[in-house]
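Engineer: A single structure is presented below for examination.
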Amino acid sequence: MVTDEAARARELVSAARRLVVFTGAGVSAESGVPTFRGADGLWKSHRVEELATPEAFARDPRTVLEWYGWRRGLVSECSPNPAHLAIARFALDGRRRVTIVTQNVDGLHRRAAMTAAAELATQPGPAEPLELHGALHRDRCSGCGRRSEAVVGGSAVVRELPRCPACDALLRPDVVWFGEMLDASVLKRAFESAHEADVCLVVGTSALVYPAASIPQITARAGGIVMEINVEATPLSDVADHTVIGAAGAVLPIMLEGS
Ligand code: BV8
Ligand code: ZN
């Protein structure tokens, strides 16, 4: 059943020429990837300070690497859901400029881009996301910065700490931890697309983590429309022009397909 809000949102999306789709962990919830702050969220059962900061990695690299190994194993069992696919198809339909900006590190937007591009016999480029917080499936050397595909082992038990073949420093997940800077060029492109956007669709985020959470605010300040899709109200709901309460996997196909 399409609610009035979703129908209104669909009209605004259809009229837009430049859009940003800004996503958080909620867009992957229906794929089985745990969110951070929900009832069964990761931060409910784990302490951020012990797992997602450079200090934690320096203090106890094995525990941090085992937690990320567990997450890698979990995400490798997950697939893009109808929300990821609707967003990718929307970005590839060529009728408007769509920039996908994600806080997620699960790689599901990238996989949806490949699927949608294959369906449409086109290149995935326009549907490939700006990954503000990096990617779980990549390692980065803590010494020389060299990147490589992570080895997703069966168990999340780390026997030997992984080391860089070039400089022997410890390898770490290629994600942005709390207290770390985001990649300046990725963030600049995300901010520019937010500033130019007629509409910023905000999907499945608690809008608490900065600087990512400033993306919809940049669109609003530049006169664009902010539209939130979430299963509940968030701190952004007061800023958003429209809030559609519903699961991303149900709402986005209605809002985006054929619009
Ligand atoms: C930096 C990668 C500075 C790792 C992540 C006080 C004020 C302002 C800022 C700060 C402050 N104190 C500290 C800071 C800075 C800090 C920050 O913002 N902290 C917050 C918590 C206050 N930020 C940083 O540290 C950033 N770096 O600022 O550097 C600096 C300056 C100078 C010099 C050096 C440094 C770095 C932040 C990046 C941290 N890394 N992830 C990993 O994943 O392991 S953040 C982490 O949170 C994830 O990326 C996640 O995506 C992100 C945001 O969370 P959400 O995606 O929103 O997920 P959440 O669970 O919270 O919400 C899910 C939502 O989905 C909910 O609303 C739910 O209702 C909804 N939902 C659920 N199911 C569905 C759904 N919606 C639709 N459909 C559904 N089915
Ligand atoms: Zn190295």
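Residue names in the structure tokens use chain letters A, B, ... in the order shown, residue numbers from 1 in each chain, and ligand numbers from 1 in the order shown.
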Check the DSSP output for the backbone and give back, as a PyMOL selection string, the residues of segment 34-202 of chain A in strand (DSSP E or B).
Structural biologist: chain A and resi 97-102+130-131+134-141+147-149+163+170-175+199-202
Engineer: Residues near His84 of chain A, anyone? I mean within 6 Å using only C-alpha atoms, not counting same-chain ones fewer than 4 positions away, as a compact mmCIF listing (two decimals) with N, CA and C atoms, in the first residue's frame.
Structural biologist:
# COMPACT_ATOMS: atom_id res chain seq x y z
N PRO A 80 22.71 -8.12 -1.51
CA PRO A 80 21.96 -6.86 -1.63
C PRO A 80 20.45 -7.15 -1.52
N HIS A 109 26.18 -1.99 -1.66
CA HIS A 109 25.82 -1.07 -2.77
C HIS A 109 26.67 -1.40 -4.01
N ALA A 112 25.30 -4.44 -5.62
CA ALA A 112 24.02 -4.13 -6.31
C ALA A 112 24.29 -3.41 -7.62
Engineer: Compile a residue-level contact table for chain A against ligand 1 at a cut-off of 6 Å, reporting for every qualifying residue the shortest atom pair and its distance in Å to one decimal, with only C-alpha atoms and all ligand atoms counted, rows ordered by chain and ascending number, as a Markdown table.
Structural biologist:
| residue | atom | partner | partner_atom_place_in_ligand_line | distance |
| --- | --- | --- | --- | --- |
| A:Gly24 | CA | ligand 1 | 56 (O) | 3.2 |
| A:Ala25 | CA | ligand 1 | 56 (O) | 3.8 |
| A:Gly26 | CA | ligand 1 | 65 (O) | 3.2 |
| A:Val27 | CA | ligand 1 | 78 (N) | 5.4 |
| A:Ala29 | CA | ligand 1 | 73 (N) | 5.0 |
| A:Glu30 | CA | ligand 1 | 80 (N) | 5.4 |
| A:Thr35 | CA | ligand 1 | 60 (O) | 4.0 |
| A:Phe36 | CA | ligand 1 | 60 (O) | 3.3 |
| A:Arg37 | CA | ligand 1 | 60 (O) | 3.9 |
| A:Gly38 | CA | ligand 1 | 60 (O) | 5.4 |
| A:Ala52 | CA | ligand 1 | 44 (O) | 5.7 |
| A:Gln103 | CA | ligand 1 | 51 (O) | 4.3 |
| A:Asn104 | CA | ligand 1 | 51 (O) | 4.6 |
| A:Val105 | CA | ligand 1 | 43 (O) | 5.8 |
| A:His133 | CA | ligand 1 | 2 (C) | 5.0 |
| A:Val175 | CA | ligand 1 | 2 (C) | 5.3 |
| A:Val176 | CA | ligand 1 | 40 (N) | 5.0 |
| A:Trp177 | CA | ligand 1 | 40 (N) | 4.5 |
| A:Phe178 | CA | ligand 1 | 25 (O) | 3.4 |
| A:Gly179 | CA | ligand 1 | 25 (O) | 3.7 |
| A:Glu180 | CA | ligand 1 | 35 (C) | 4.4 |
| A:Met181 | CA | ligand 1 | 29 (O) | 4.4 |
| A:Gly204 | CA | ligand 1 | 76 (N) | 3.4 |
| A:Thr205 | CA | ligand 1 | 57 (O) | 3.3 |
| A:Ser206 | CA | ligand 1 | 67 (O) | 3.7 |
| A:Ala207 | CA | ligand 1 | 57 (O) | 5.3 |
| A:Leu208 | CA | ligand 1 | 20 (C) | 5.5 |
| A:Val209 | CA | ligand 1 | 18 (O) | 3.5 |
| A:Tyr210 | CA | ligand 1 | 18 (O) | 3.7 |
| A:Pro211 | CA | ligand 1 | 28 (O) | 6.0 |
| A:Ile229 | CA | ligand 1 | 77 (C) | 6.0 |
| A:Asn230 | CA | ligand 1 | 76 (N) | 3.8 |
| A:Val231 | CA | ligand 1 | 76 (N) | 4.8 |
| A:Glu232 | CA | ligand 1 | 69 (O) | 5.1 |
| A:Ala247 | CA | ligand 1 | 78 (N) | 3.6 |
| A:Ala248 | CA | ligand 1 | 78 (N) | 3.9 |
Engineer: Filtering to C-alpha atoms, could you give me those residues as a PDB file, in the first residue's frame?
Structural biologist:
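Result went into again.pdb, see below:
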ATOM      1  CA  GLY A  24      23.450   4.113   6.685  1.00  0.00           C
ATOM      2  CA  ALA A  25      23.274   0.686   8.259  1.00  0.00           C
ATOM      3  CA  GLY A  26      19.450   0.566   7.995  1.00  0.00           C
ATOM      4  CA  VAL A  27      19.598   0.070   4.219  1.00  0.00           C
ATOM      5  CA  ALA A  29      19.257  -4.408   7.769  1.00  0.00           C
ATOM      6  CA  GLU A  30      16.970  -6.459   5.479  1.00  0.00           C
ATOM      7  CA  THR A  35      22.884  -2.153  12.497  1.00  0.00           C
ATOM      8  CA  PHE A  36      24.870  -0.268  15.119  1.00  0.00           C
ATOM      9  CA  ARG A  37      22.344   1.373  17.406  1.00  0.00           C
ATOM     10  CA  GLY A  38      19.160  -0.668  16.920  1.00  0.00           C
ATOM     11  CA  ALA A  52      36.498   0.748  16.298  1.00  0.00           C
ATOM     12  CA  GLN A 103      28.431   5.228   5.587  1.00  0.00           C
ATOM     13  CA  ASN A 104      28.317   1.444   5.280  1.00  0.00           C
ATOM     14  CA  VAL A 105      31.415  -0.695   4.869  1.00  0.00           C
ATOM     15  CA  HIS A 133      33.900   4.985   5.985  1.00  0.00           C
ATOM     16  CA  VAL A 175      37.678   1.323   7.361  1.00  0.00           C
ATOM     17  CA  VAL A 176      37.564   4.737   9.082  1.00  0.00           C
ATOM     18  CA  TRP A 177      37.577   4.351  12.870  1.00  0.00           C
ATOM     19  CA  PHE A 178      36.257   6.897  15.360  1.00  0.00           C
ATOM     20  CA  GLY A 179      38.761   9.727  15.723  1.00  0.00           C
ATOM     21  CA  GLU A 180      40.199   9.083  12.237  1.00  0.00           C
ATOM     22  CA  MET A 181      39.893  11.428   9.262  1.00  0.00           C
ATOM     23  CA  GLY A 204      18.412   4.056   7.169  1.00  0.00           C
ATOM     24  CA  THR A 205      20.686   6.225   9.279  1.00  0.00           C
ATOM     25  CA  SER A 206      20.462   7.523  12.830  1.00  0.00           C
ATOM     26  CA  ALA A 207      22.253  10.658  11.536  1.00  0.00           C
ATOM     27  CA  LEU A 208      24.555  10.790  14.576  1.00  0.00           C
ATOM     28  CA  VAL A 209      28.028  10.248  13.093  1.00  0.00           C
ATOM     29  CA  TYR A 210      29.931  13.246  11.716  1.00  0.00           C
ATOM     30  CA  PRO A 211      31.116  14.488   9.293  1.00  0.00           C
ATOM     31  CA  ILE A 229      13.218   6.912   4.805  1.00  0.00           C
ATOM     32  CA  ASN A 230      13.484   5.130   8.144  1.00  0.00           C
ATOM     33  CA  VAL A 231      11.532   2.731  10.316  1.00  0.00           C
ATOM     34  CA  GLU A 232      11.415   5.390  13.030  1.00  0.00           C
ATOM     35  CA  ALA A 247      11.449  -0.363   5.762  1.00  0.00           C
ATOM     36  CA  ALA A 248      13.875   0.630   3.005  1.00  0.00           C
TER      37      ALA A 248
END
Engineer: Go through A:Ala91, A:Ala127, A:Cys167, A:Leu236 and flag the residue nearest ligand 2, using only C-alpha atoms and all ligand atoms for the distances.
Structural biologist: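 Comparing A:Ala91, A:Ala127, A:Cys167, A:Leu236 against ligand 2, the winner is A:Cys167.
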Engineer: Taking into account only C-alpha atoms and all ligand atoms, which residue in the set A:Gln123, A:Ser259, A:Ser148, A:Asn81 is nearest to ligand 2?
Structural biologist: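 Among A:Gln123, A:Ser259, A:Ser148, A:Asn81, it is A:Ser148 that comes nearest to ligand 2.
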Engineer: Contacts between ligand 2 and chain A, please, where a residue of chain A counts if it comes within 10 Å (with only C-alpha atoms and all ligand atoms); show its shortest atom pair and distance in Å to one decimal, rows by chain and ascending number, as a Markdown table.
Structural biologist:
| residue | atom | partner | partner_atom_place_in_ligand_line | distance |
| --- | --- | --- | --- | --- |
| A:Arg140 | CA | ligand 2 | 1 (Zn) | 8.1 |
| A:Cys141 | CA | ligand 2 | 1 (Zn) | 4.7 |
| A:Ser142 | CA | ligand 2 | 1 (Zn) | 6.6 |
| A:Gly143 | CA | ligand 2 | 1 (Zn) | 4.8 |
| A:Cys144 | CA | ligand 2 | 1 (Zn) | 3.9 |
| A:Gly145 | CA | ligand 2 | 1 (Zn) | 5.9 |
| A:Arg146 | CA | ligand 2 | 1 (Zn) | 5.6 |
| A:Arg147 | CA | ligand 2 | 1 (Zn) | 8.6 |
| A:Arg163 | CA | ligand 2 | 1 (Zn) | 7.7 |
| A:Cys164 | CA | ligand 2 | 1 (Zn) | 4.6 |
| A:Pro165 | CA | ligand 2 | 1 (Zn) | 6.7 |
| A:Ala166 | CA | ligand 2 | 1 (Zn) | 5.1 |
| A:Cys167 | CA | ligand 2 | 1 (Zn) | 4.2 |
| A:Asp168 | CA | ligand 2 | 1 (Zn) | 5.9 |
| A:Ala169 | CA | ligand 2 | 1 (Zn) | 5.4 |
| A:Leu170 | CA | ligand 2 | 1 (Zn) | 7.6 |
| A:Leu171 | CA | ligand 2 | 1 (Zn) | 7.6 |
Engineer: Using DSSP on the backbone, list every residue of segment 9-179 of chain A that comes out as alpha helix (DSSP H), and give them as a PyMOL selection string.
Structural biologist: chain A and resi 9-15+42-45+48-51+54-59+61-76+82-92+108-119
Engineer: To one decimal place in Å, what is the distance between atom CA of Trp67 of chain A and atom CA of Ser28 of chain A?
Structural biologist: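 Atom-to-atom, atom CA of Trp67 of chain A and atom CA of Ser28 of chain A are spaced 18.7 Å apart.
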Engineer: Need the shell around segment 215-222 of chain A: protein/DNA/RNA residues with any atom at most 6 Å away, counting only C-alpha atoms. Skip same-chain ones fewer than 3 positions apart. Format as a list in words?
Structural biologist: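 The neighbour list is Ala194, His195 and Ala212 of chain A.
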Engineer: Would you pick out the contacts of Glu49 of chain A at 12 Å or less, using only C-alpha atoms, so that residues sharing its chain but fewer than 3 positions from it are not included, and give the list as a list in words?
Structural biologist: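 The residues that qualify are Trp43, His46, Ala52, Thr53, Pro54, Glu55, Ala56, Phe57, Ala58, Arg59, Asp60, Val64, Trp177, Phe178 and Gly179 of chain A.
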